[in-house]
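Pasted below: my_file.txt, compact mmCIF, C-alpha atoms.
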```
# COMPACT_ATOMS: atom_id res chain seq x y z
CA MET W 1 -153.69 -52.71 10.55
CA ILE W 2 -157.35 -53.64 10.79
CA THR W 3 -159.63 -50.83 9.67
CA THR W 4 -163.27 -51.95 9.64
CA MET W 5 -165.56 -54.90 10.26
CA THR W 6 -167.71 -55.88 7.28
CA HIS W 7 -169.37 -59.18 8.27
CA VAL W 8 -170.40 -60.83 11.49
CA SER W 9 -171.85 -64.33 11.76
CA LEU W 10 -174.94 -64.85 13.87
CA HIS W 11 -176.07 -68.36 14.85
CA VAL W 12 -179.79 -68.76 14.14
CA LEU W 13 -182.02 -71.76 14.66
CA ASN W 14 -184.17 -71.28 11.57
CA GLN W 15 -183.08 -69.11 8.65
CA ASP W 16 -186.59 -68.36 7.33
CA SER W 17 -187.81 -67.32 10.75
CA ALA W 18 -184.66 -65.25 11.36
CA LEU W 19 -185.05 -63.52 7.99
CA ASP W 20 -188.63 -62.62 8.89
CA PHE W 21 -187.54 -61.35 12.31
CA TYR W 22 -184.70 -59.17 11.10
CA THR W 23 -186.58 -57.69 8.15
CA ASN W 24 -190.20 -57.45 9.23
CA LYS W 25 -189.68 -56.79 12.93
CA LEU W 26 -186.34 -54.98 13.14
CA GLY W 27 -186.64 -53.34 9.71
CA PHE W 28 -183.25 -54.51 8.41
CA LYS W 29 -182.47 -54.77 4.71
CA VAL W 30 -181.60 -57.99 2.91
CA LEU W 31 -178.20 -57.59 1.27
CA LYS W 32 -177.67 -61.12 0.00
CA ASP W 33 -179.99 -64.08 -0.37
CA VAL W 34 -178.03 -66.53 -2.47
CA PRO W 35 -179.18 -70.10 -3.19
CA MET W 36 -176.23 -72.42 -2.49
CA GLY W 37 -177.83 -75.71 -3.48
CA ASP W 38 -179.37 -78.52 -1.42
CA GLY W 39 -181.68 -75.99 0.24
CA ASN W 40 -178.78 -73.96 1.68
CA ARG W 41 -178.85 -70.16 1.45
CA TRP W 42 -176.29 -67.45 2.10
CA ILE W 43 -178.31 -64.68 3.72
CA THR W 44 -176.99 -61.39 5.02
CA VAL W 45 -178.93 -58.43 6.41
CA SER W 46 -177.93 -54.99 7.59
CA PRO W 47 -179.32 -52.22 9.79
CA PRO W 48 -180.98 -49.61 7.52
CA ASP W 49 -178.37 -46.90 8.02
CA GLN W 50 -175.36 -49.24 7.84
CA PRO W 51 -175.51 -50.99 4.46
CA GLY W 52 -171.80 -51.85 4.49
CA PHE W 53 -172.13 -54.06 7.55
CA GLU W 54 -173.47 -57.55 6.82
CA ILE W 55 -174.95 -59.76 9.52
CA ILE W 56 -174.78 -63.35 8.28
CA LEU W 57 -177.83 -65.37 9.31
CA SER W 58 -176.00 -68.61 9.82
CA PRO W 59 -178.21 -71.59 10.60
CA VAL W 60 -176.88 -74.00 13.19
CA THR W 61 -177.09 -77.20 11.19
CA GLY W 62 -175.03 -80.28 10.53
CA SER W 63 -173.34 -78.84 7.44
CA MET W 64 -170.80 -76.90 9.51
CA TYR W 65 -170.67 -78.84 12.76
CA SER W 66 -170.75 -82.38 14.07
CA PRO W 67 -174.17 -83.64 15.27
CA GLU W 68 -173.06 -83.29 18.90
CA THR W 69 -171.84 -79.73 18.42
CA THR W 70 -174.98 -78.82 16.47
CA LYS W 71 -177.21 -80.09 19.26
CA ALA W 72 -175.19 -78.38 22.00
CA LEU W 73 -174.95 -75.09 20.10
CA ARG W 74 -178.67 -75.00 19.29
CA GLU W 75 -179.49 -75.51 22.97
CA LEU W 76 -177.10 -72.74 24.02
CA VAL W 77 -178.51 -70.30 21.46
CA GLN W 78 -182.08 -71.15 22.38
CA LYS W 79 -181.61 -70.57 26.09
CA GLY W 80 -180.18 -67.10 25.53
CA THR W 81 -176.54 -67.76 26.26
CA PHE W 82 -175.11 -65.43 23.65
CA GLY W 83 -175.07 -61.66 23.71
CA ALA W 84 -174.63 -60.84 20.07
CA GLY W 85 -174.11 -57.08 19.90
CA ILE W 86 -175.35 -53.56 20.45
CA PHE W 87 -177.70 -51.67 18.15
CA THR W 88 -178.23 -47.95 18.42
CA CYS W 89 -181.25 -45.83 17.55
CA TYR W 90 -182.30 -42.19 17.43
CA ASP W 91 -184.95 -42.55 20.12
CA ILE W 92 -184.96 -45.57 22.37
CA PHE W 93 -188.44 -45.07 23.83
CA ALA W 94 -190.06 -44.92 20.39
CA THR W 95 -188.00 -47.87 19.15
CA TYR W 96 -188.83 -49.87 22.26
CA GLU W 97 -192.56 -49.22 21.86
CA GLU W 98 -192.46 -50.05 18.16
CA LEU W 99 -190.58 -53.32 18.59
CA LYS W 100 -192.82 -54.35 21.48
CA ALA W 101 -195.87 -53.62 19.32
CA LYS W 102 -194.37 -55.96 16.71
CA GLY W 103 -193.96 -58.75 19.27
CA VAL W 104 -190.25 -58.46 20.01
CA GLU W 105 -189.43 -59.82 23.47
CA PHE W 106 -187.55 -57.47 25.78
CA THR W 107 -185.79 -58.72 28.89
CA LYS W 108 -184.95 -55.20 30.05
CA ALA W 109 -186.98 -52.02 29.56
CA PRO W 110 -185.12 -48.80 28.71
CA LYS W 111 -182.99 -47.71 31.64
CA LYS W 112 -180.64 -44.79 32.00
CA GLU W 113 -176.99 -45.78 32.26
CA PHE W 114 -173.93 -43.55 32.47
CA TYR W 115 -173.37 -43.90 28.71
CA GLY W 116 -176.96 -43.41 27.60
CA THR W 117 -180.25 -45.32 27.80
CA GLU W 118 -180.31 -49.05 27.18
CA ALA W 119 -182.80 -51.89 26.79
CA ILE W 120 -182.24 -55.58 25.99
CA PHE W 121 -184.20 -57.73 23.56
CA LYS W 122 -183.96 -61.24 22.15
CA ASP W 123 -184.19 -62.34 18.55
CA ASP W 124 -186.38 -65.25 17.48
CA SER W 125 -183.54 -67.73 18.09
CA GLY W 126 -182.60 -66.54 21.57
CA ASN W 127 -179.60 -64.29 20.82
CA TRP W 128 -179.82 -61.14 22.91
CA PHE W 129 -178.91 -57.63 21.89
CA SER W 130 -178.55 -54.33 23.62
CA LEU W 131 -180.61 -51.52 22.14
CA ALA W 132 -179.03 -48.21 23.06
CA GLN W 133 -179.50 -44.52 22.63
CA LEU W 134 -176.07 -43.19 23.36
CA LEU W 135 -175.39 -39.80 24.94
CA MET G 1 -190.04 -55.26 34.10
CA THR G 2 -190.97 -51.66 34.73
CA GLU G 3 -192.71 -49.70 32.01
CA GLN G 4 -192.43 -46.35 33.70
CA TYR G 5 -190.53 -43.85 31.66
CA PRO G 6 -191.25 -40.28 30.66
CA LYS G 7 -194.09 -39.58 28.24
CA ILE G 8 -194.99 -43.22 27.60
CA TYR G 9 -198.38 -42.41 26.05
CA PHE G 10 -196.85 -39.71 23.90
CA TYR G 11 -194.45 -42.26 22.44
CA ARG G 12 -197.16 -44.85 21.92
CA ARG G 13 -199.27 -42.39 19.93
CA LEU G 14 -196.36 -41.44 17.68
CA VAL G 15 -195.36 -45.07 17.17
CA GLN G 16 -198.94 -45.96 16.24
CA ALA G 17 -198.88 -43.21 13.64
CA LYS G 18 -195.62 -44.53 12.22
CA LEU G 19 -196.94 -48.09 12.14
CA PHE G 20 -200.10 -46.82 10.42
CA ILE G 21 -197.94 -45.43 7.61
CA ASP G 22 -195.93 -48.68 7.49
CA THR G 23 -199.15 -50.64 7.00
CA HIS G 24 -201.24 -48.30 4.83
CA TYR G 25 -198.52 -46.72 2.66
CA ALA G 26 -200.27 -47.91 -0.50
CA ASP G 27 -203.53 -46.15 0.41
CA ASN G 28 -204.41 -42.54 -0.16
CA ILE G 29 -203.18 -41.50 3.28
CA VAL G 30 -204.32 -38.13 4.58
CA LEU G 31 -201.83 -37.02 7.17
CA ASP G 32 -204.40 -34.81 8.91
CA ASN G 33 -206.31 -37.97 9.76
CA ILE G 34 -203.25 -39.64 11.25
CA ALA G 35 -202.60 -36.56 13.36
CA ASP G 36 -206.22 -36.63 14.53
CA GLU G 37 -206.05 -40.31 15.40
CA ALA G 38 -202.86 -39.73 17.36
CA TYR G 39 -204.59 -36.84 19.22
CA PHE G 40 -202.12 -34.25 18.01
CA SER G 41 -202.63 -30.97 16.24
CA LYS G 42 -201.21 -31.23 12.72
CA PHE G 43 -198.20 -29.01 13.33
CA HIS G 44 -197.39 -30.53 16.70
CA PHE G 45 -197.60 -33.99 15.12
CA ILE G 46 -195.26 -33.10 12.25
CA ARG G 47 -192.73 -31.56 14.62
CA GLU G 48 -192.70 -34.46 17.10
CA PHE G 49 -192.66 -37.10 14.34
CA LYS G 50 -189.64 -35.44 12.77
CA ASN G 51 -187.87 -35.23 16.13
CA ILE G 52 -188.08 -38.99 16.47
CA TYR G 53 -187.80 -40.28 12.92
CA ARG G 54 -185.69 -37.51 11.33
CA LYS G 55 -188.31 -37.17 8.60
CA THR G 56 -191.68 -35.43 8.42
CA PRO G 57 -194.64 -37.84 8.15
CA HIS G 58 -194.91 -37.02 4.44
CA GLN G 59 -191.19 -37.59 3.85
CA TYR G 60 -191.47 -40.84 5.76
CA LEU G 61 -194.45 -41.96 3.66
CA ILE G 62 -192.51 -41.34 0.46
CA PHE G 63 -189.50 -43.14 1.94
CA VAL G 64 -191.59 -46.23 2.78
CA ARG G 65 -193.18 -46.26 -0.68
CA ILE G 66 -189.78 -46.12 -2.39
CA GLU G 67 -188.40 -48.84 -0.12
CA LYS G 68 -191.38 -51.08 -0.91
CA ALA G 69 -190.97 -50.26 -4.60
CA MET G 70 -187.35 -51.43 -4.42
CA ASP G 71 -188.47 -54.72 -2.86
CA LEU G 72 -191.04 -55.28 -5.61
CA LEU G 73 -188.60 -54.40 -8.38
CA LYS G 74 -186.09 -56.81 -6.84
CA ALA G 75 -188.83 -59.45 -7.02
CA GLY G 76 -189.21 -58.73 -10.73
CA VAL G 77 -192.53 -56.84 -10.76
CA ALA G 78 -193.04 -54.49 -13.73
CA VAL G 79 -192.37 -50.78 -13.12
CA SER G 80 -195.92 -49.59 -13.83
CA ASP G 81 -197.40 -52.25 -11.55
CA VAL G 82 -194.96 -51.27 -8.79
CA CYS G 83 -195.85 -47.60 -9.13
CA TYR G 84 -199.52 -48.13 -8.35
CA ALA G 85 -198.94 -50.97 -5.90
CA VAL G 86 -197.01 -48.73 -3.53
CA GLY G 87 -199.45 -45.83 -3.69
CA PHE G 88 -198.19 -43.45 -6.36
CA GLU G 89 -200.76 -42.05 -8.75
CA SER G 90 -198.47 -41.15 -11.64
CA LEU G 91 -195.50 -42.85 -13.20
CA SER G 92 -193.66 -39.58 -13.65
CA SER G 93 -193.73 -38.63 -9.96
CA PHE G 94 -192.84 -42.21 -9.02
CA SER G 95 -189.85 -42.23 -11.38
CA ARG G 96 -188.68 -38.82 -10.22
CA LEU G 97 -188.86 -39.66 -6.51
CA PHE G 98 -187.37 -43.11 -7.06
CA LYS G 99 -184.40 -41.70 -8.94
CA ARG G 100 -183.86 -39.08 -6.26
CA THR G 101 -183.52 -41.87 -3.67
CA ALA G 102 -181.91 -44.72 -5.59
CA GLY G 103 -179.83 -42.67 -8.02
CA ILE G 104 -181.19 -44.60 -11.01
CA THR G 105 -184.58 -44.94 -12.68
CA PRO G 106 -186.98 -47.72 -11.62
CA SER G 107 -186.51 -49.55 -14.93
CA ALA G 108 -182.72 -49.40 -14.61
CA TYR G 109 -183.02 -50.65 -11.02
CA LEU G 110 -185.29 -53.50 -12.14
CA ALA G 111 -182.80 -54.54 -14.84
CA GLN G 112 -179.85 -54.24 -12.43
CA GLN G 113 -181.52 -56.36 -9.75
CA GLN G 114 -182.62 -59.05 -12.19
CA LYS G 115 -179.07 -59.26 -13.49
CA ILE G 116 -177.73 -59.68 -9.96
CA LYS G 117 -180.32 -62.37 -9.22
CA ALA G 118 -179.32 -64.26 -12.33
CA GLN G 119 -175.64 -63.99 -11.34
CA MET G 120 -176.48 -65.33 -7.87
CA VAL G 121 -178.05 -68.40 -9.42
CA GLU G 122 -175.33 -68.87 -12.01
CA SER G 123 -172.29 -68.17 -9.82
CA PRO G 124 -173.35 -68.23 -6.16
CA LEU G 125 -169.79 -68.54 -4.88
CA ASP G 126 -169.02 -65.08 -6.26
CA PHE G 127 -171.24 -63.68 -3.49
CA VAL G 128 -169.86 -65.62 -0.52
CA PRO G 129 -166.52 -64.96 1.22
CA GLY G 130 -164.29 -67.95 0.54
CA CYS G 131 -163.67 -68.75 4.20
CA PHE G 132 -167.39 -69.18 4.87
CA ALA G 133 -167.92 -71.09 1.63
CA GLU G 134 -165.18 -73.49 2.65
CA LYS G 135 -166.51 -73.96 6.20
CA ASN G 136 -169.96 -74.68 4.78
CA GLY G 137 -168.58 -77.20 2.32
CA TRP G 138 -169.74 -75.17 -0.69
CA LEU G 139 -166.44 -74.89 -2.54
CA LYS G 140 -166.20 -76.66 -5.86
CA LYS G 141 -164.16 -79.80 -5.60
```
structure tokens encoding of this file:
Amino acid sequence: MITTMTHVSLHVLNQDSALDFYTNKLGFKVLKDVPMGDGNRWITVSPPDQPGFEIILSPVTGSMYSPETTKALRELVQKGTFGAGIFTCYDIFATYEELKAKGVEFTKAPKKEFYGTEAIFKDDSGNWFSLAQLL
Amino acid sequence: MTEQYPKIYFYRRLVQAKLFIDTHYADNIVLDNIADEAYFSKFHFIREFKNIYRKTPHQYLIFVRIEKAMDLLKAGVAVSDVCYAVGFESLSSFSRLFKRTAGITPSAYLAQQQKIKAQMVESPLDFVPGCFAEKNGWLKK
């Protein structure tokens, strides 16, 4: 039986920019930054309190996909098609204010839901995430 | 998008205090001054900060300094340079607090991280799950 999830792959448009966003804006830790040759890098980051969970910053480039797929996928990511996950925090109002102060774009301010309080933000590529303080 | 939620200015003041520590961790920060700037009494400030961040402002300052120290040691900076660069005034207190957090001394951490970096350069595929290495075309022929 499946027990845990250790890695998830996130499509990003620019790895350097994504690394800056996830570390300097969201405060995530870099777990791996491995040079793979020809300018490729294997980069994973994790939320500070969840070091066993690696988010792979996977650039949408021609090395994995055909040129047509690359172009289509980049456009879909950029226009905010993909909801990529839910992050939780101790205090959503403080986290919301901090991320806004750092320039993170929110598409939904904190709002009470039946399961807690939730806001929605986008990363630098266009992937959107829920930010939640659960009950 | 509405910005109306309870105690918005209260949160902004606390966040500003937290961001001040994030930015000025290497300076000789006097927490009384941060409390003053955030328009809180010292004890009220400490209590509310801890409610939100699960650490007192002083604990948080030490936490940030150790985190930054880890980053610098990973980058290969010498232990004594790291100590002063992140705001500690003595190597002994730096080493003690670092070991309490990381479980090893700063010099051991520096050596460990440099070894890992060298391994990443020498054998990068040891750090990438095979399925992703294959999809990216990184597997050795």
Could you make a table, as a Markdown table, of the residues of chain G that have an atom within 10 Å of an atom of chain W, each with its nearest atom pair and distance in Å to one decimal, counting all atoms listed in the file, in chain and number order?
```
| residue | atom | partner | partner_atom | distance |
| --- | --- | --- | --- | --- |
| G:Met1 | CA | W:Ala109 | CA | 6.4 |
| G:Thr2 | CA | W:Ala109 | CA | 6.5 |
| G:Glu3 | CA | W:Ala109 | CA | 6.6 |
| G:Gln4 | CA | W:Ala109 | CA | 8.9 |
| G:Tyr5 | CA | W:Pro110 | CA | 7.9 |
| G:Pro6 | CA | W:Phe93 | CA | 8.8 |
| G:Lys7 | CA | W:Phe93 | CA | 9.0 |
| G:Ile8 | CA | W:Phe93 | CA | 7.8 |
| G:Tyr9 | CA | W:Glu97 | CA | 9.9 |
| G:Phe10 | CA | W:Ala94 | CA | 9.3 |
| G:Tyr11 | CA | W:Ala94 | CA | 5.5 |
| G:Arg12 | CA | W:Glu97 | CA | 6.3 |
| G:Arg13 | CA | W:Ala94 | CA | 9.6 |
| G:Leu14 | CA | W:Ala94 | CA | 7.7 |
| G:Val15 | CA | W:Glu98 | CA | 5.8 |
| G:Gln16 | CA | W:Glu98 | CA | 7.9 |
| G:Lys18 | CA | W:Glu98 | CA | 8.7 |
| G:Leu19 | CA | W:Glu98 | CA | 7.8 |
| G:Asn51 | CA | W:Asp91 | CA | 8.8 |
| G:Ile52 | CA | W:Asp91 | CA | 6.0 |
| G:Tyr53 | CA | W:Tyr90 | CA | 7.4 |
| G:Arg54 | CA | W:Tyr90 | CA | 8.4 |
| G:Glu67 | CA | W:Lys29 | CA | 9.7 |
| G:Asp71 | CA | W:Val30 | CA | 9.5 |
| G:Lys117 | CA | W:Val34 | CA | 8.3 |
| G:Gln119 | CA | W:Val34 | CA | 9.5 |
| G:Met120 | CA | W:Val34 | CA | 5.7 |
| G:Val121 | CA | W:Pro35 | CA | 6.6 |
| G:Glu122 | CA | W:Pro35 | CA | 9.7 |
| G:Ser123 | CA | W:Met36 | CA | 9.3 |
| G:Pro124 | CA | W:Val34 | CA | 6.2 |
| G:Leu125 | CA | W:Met36 | CA | 7.9 |
| G:Asp126 | CA | W:Val34 | CA | 9.9 |
| G:Phe127 | CA | W:Val34 | CA | 7.4 |
| G:Val128 | CA | W:Trp42 | CA | 7.2 |
| G:Pro129 | CA | W:His7 | CA | 9.6 |
| G:Phe132 | CA | W:Trp42 | CA | 9.5 |
| G:Ala133 | CA | W:Trp42 | CA | 9.1 |
| G:Glu134 | CA | W:Met64 | CA | 9.5 |
| G:Lys135 | CA | W:Met64 | CA | 6.2 |
| G:Asn136 | CA | W:Met64 | CA | 5.3 |
| G:Gly137 | CA | W:Ser63 | CA | 7.2 |
| G:Trp138 | CA | W:Met36 | CA | 7.3 |
```
Check: Separation of CA of Tyr60 (chain G) and CA of Lys122 (chain W), in Å?
Finding: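 The value is 27.2 Å.
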Notebook entry, point to check: Contacts of Val45 (chain W) at 8 Å or less, counting only C-alpha atoms, minus same-chain residues fewer than 3 places along, as a ChimeraX atom specification?
Noted result: /W:22-23,28-32,54-57
Item checked: Among listed residues G:Val30, G:Ala108, G:Ala78, G:Ala118, nearest Pro57 (chain G) (using only C-alpha atoms) ->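 Looking only at the distances to Pro57 (chain G), the closest residue turns out to be G:Val30.
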Check: Expressed in Å to a single decimal, how great is the separation between CA of Ser41 (chain G) and CA of Phe63 (chain G)?
Finding: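 Taking CA of Ser41 (chain G) and CA of Phe63 (chain G), their separation equals 22.9 Å.
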Note to self: Please compute the CA of Val104 (chain W)-CA of Lys71 (chain W) distance, one decimal, in Å.
What the structure shows: 25.3 Å
Note to self: Measuring between only C-alpha atoms, which one of G:Asn33, G:Phe40, G:Ser107, G:Ala26 shows the shortest distance to Lys74 (chain G)?
What the structure shows: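 Checking each of G:Asn33, G:Phe40, G:Ser107, G:Ala26 against Lys74 (chain G), counting only C-alpha atoms, the winner is G:Ser107.
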Item checked: Residue with smallest distance to Ser95 (chain G) - pool G:Ile21, G:Ile46, G:Ala69, G:Ala111, counting only C-alpha atoms ->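 Looking only at the distances to Ser95 (chain G), the closest residue turns out to be G:Ala69.
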Margin query: Excluding region 11-16 of chain W and its own-chain neighbours fewer than 6 positions away, which residues fall within 6 Å of it when counting all atoms listed in the file? Please give them as a list in words.
Written below: Ser58, Pro59, Val60 and Ser125 of chain W
Check: Can you list, as a list in words, every protein, DNA or RNA residue that comes within 10 Å of Tyr109 (chain G) when you count all atoms listed in the file, leaving out same-chain residues fewer than 3 positions away?
Finding: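 Answer for this query is Met70, Leu73, Lys74, Val79, Phe98, Lys99, Ala102, Gly103, Ile104, Thr105, Pro106, Gln112, Gln113, Gln114 and Lys115 of chain G.
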Store the residues picked out above in a file with C-alpha atoms, as a CSV table (one decimal), keeping the file's coordinate frame.
```
chain,number,residue,atom,x,y,z
G,70,MET,CA,-187.4,-51.4,-4.4
G,73,LEU,CA,-188.6,-54.4,-8.4
G,74,LYS,CA,-186.1,-56.8,-6.8
G,79,VAL,CA,-192.4,-50.8,-13.1
G,98,PHE,CA,-187.4,-43.1,-7.1
G,99,LYS,CA,-184.4,-41.7,-8.9
G,102,ALA,CA,-181.9,-44.7,-5.6
G,103,GLY,CA,-179.8,-42.7,-8.0
G,104,ILE,CA,-181.2,-44.6,-11.0
G,105,THR,CA,-184.6,-44.9,-12.7
G,106,PRO,CA,-187.0,-47.7,-11.6
G,112,GLN,CA,-179.8,-54.2,-12.4
G,113,GLN,CA,-181.5,-56.4,-9.8
G,114,GLN,CA,-182.6,-59.0,-12.2
G,115,LYS,CA,-179.1,-59.3,-13.5
```
